[in-house]
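Engineer: One structure is given below, represented as structure tokens, and several questions about it will come after.
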Amino acid sequence: MVTAPDLYALQETDQALDKARGRLAEIEAQLGESQEMILAREVAQEKRAGVDQLRSHLSEAEDSVEDIRTKAASVEGKLYGGTVTSPKELSDLSDDLKSLRHLVATREDTLLGLLVEIEDADAQLAAAQAEYADIESTWKQQQEDLLNEKAQLEPQIASLQARRDAQSSSVDRGSLRLYELLRERHGGYAVARVERGMCQGCRITLPMSLLQKVRSGVGLVQCVSCERILLVG
Ligand SMILES: [Zn+2]
């Protein structure tokens, strides 16, 4: 014959199991990469791509300045080389040289602008990488802690489950069904203690006749209000 203390002991095991399983589910949800880390890595990758693009623009701009300088040098050579004597040609060459020099100056300004931009982008990249490294190291530590906790929880759950199986095997089918139904209905709390004549599940003051029945310890007695199985002492 199952008694209220038997079911109370089973309830304690079930509550410990619920808690351990709930924690395990929380841990499992937290294992793997965090959104924060994925986001920080994406930011660092974007900054890296930005720097690479600027460097490639810089290299193109340098080549372009070099090209124009070479052209200007060639025009200058012709202008002052003495081989060209026609005033019209000389005047054209002079105009060409002027516009090429102007172009060099403009392109050099672009170069300088790019250098400033690269310096700024490099600093942003370094900051983003540092932030990512920081988040990643915290994350690694958390993952390690979670895995350690999981490794401790799993055998705990197995031993609680074994205890639960042993405890429930001695409970008759009808009482077990009642217990499980009440646990489901009352958030895992099927057996309530009686203190100072009150059901601790719903705080109602129990009728004297019911209290006497509970105290007799014969059979399972349920609260008249919340229907939980009552336990004295
Ligand atoms: Zn009650």
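Each chain of the structure tokens is named A, B, ... in the order shown, its residues numbered from 1; ligands are numbered from 1 in display order.
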May I ask you to write as number ranges by chain all residues lying at most 7 Å from ligand 1, with only C-alpha atoms and all ligand atoms counted?

Structural biologist: A: 199-204, 223-228

Engineer: What lies within 7 Å of Leu125 in chain A using only C-alpha atoms, ignoring chain neighbours under 3 positions off, as a list in words?

Structural biologist: Ala44, Lys47, Arg48, Ala121, Asp122, Ala128 and Gln129 of chain A

Engineer: Return the single residue from A:Leu181, A:Leu206, A:Val51, A:Leu153 that is closest to Arg23 in chain A, with distances computed using only C-alpha atoms.

Structural biologist: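 Of A:Leu181, A:Leu206, A:Val51, A:Leu153, the one nearest Arg23 in chain A is A:Leu153, counting only C-alpha atoms.
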
Engineer: Write out as a count of residues only each polymer residue whose atoms come within 10 Å of Tyr8 in chain A, counting only C-alpha atoms; drop sequence neighbours fewer than 2 positions from it.

Structural biologist: 18

Engineer: For Glu149 in chain A, which residue out of A:Ala16, A:Ala9, A:Val75, A:Leu31 is the nearest one, using only C-alpha atoms?

Structural biologist: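 With only C-alpha atoms as the atom set, the closest residue is A:Leu31.
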
Engineer: Excluding same-chain residues fewer than 5 positions from Arg215 in chain A, what lies within 9 Å of it counting only C-alpha atoms, as a PyMOL selection string?

Structural biologist: chain A and resi 210+231-233

Engineer: Counting only C-alpha atoms, figure out which residue out of A:Ser168, A:Glu136, A:Arg183, A:Ser159 gets nearest to Leu39 in chain A.

Structural biologist: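 Distance minimum relative to Leu39 in chain A lands on A:Glu136.
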
Engineer: From the list A:Glu76, A:Asp120, A:Glu62, A:Glu36, which residue is nearest Leu100 in chain A when using only C-alpha atoms?

Structural biologist: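 Nearest candidate to Leu100 in chain A out of A:Glu76, A:Asp120, A:Glu62, A:Glu36: A:Glu76.
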
Engineer: How would you write, as an MDAnalysis selection string, the set of residues in chain A that DSSP gives as strand (DSSP E or B)?

Structural biologist: chainID A and resid 191:195 198:199 205 222 229:232

Engineer: Please provide as a list in words all residues within 10 Å of range 130-134 of chain A, with the sequence filter that same-chain residues fewer than 6 positions apart are discarded (counting only C-alpha atoms).

Structural biologist: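 Returned residues: Glu36, Met37, Ile38, Leu39, Ala40, Arg41, Glu42, Val43, Ala44 and Gln124 of chain A.
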
Engineer: With a distance cut-off of 9 Å and only C-alpha atoms, select the neighbouring residues of Ser64 in chain A, excluding the residue or stretch itself and same-chain residues fewer than 4 positions from it, and output the selection as a VMD selection string.

Structural biologist: chain A and resid 59 to 60 68 to 69 104 107

Engineer: Within 12 Å of Leu79 in chain A, counting only C-alpha atoms, which residues show up once you throw out same-chain ones fewer than 6 positions away? Write them as a ChimeraX atom specification, please.

Structural biologist: /A:72-73,85-98

Engineer: Compare A:Ala49, A:Leu103, A:Ala123, A:Leu112 by their minimum atom-to-atom distance to Val65 in chain A, counting only C-alpha atoms, and give me the closest one.

Structural biologist: A:Leu103

Engineer: Taking only C-alpha atoms into account, which of A:Leu7, A:Ile27, A:Met1, A:Ala126 comes nearest Glu180 in chain A?

Structural biologist: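 Ranked by minimum distance to Glu180 in chain A, first place goes to A:Leu7.
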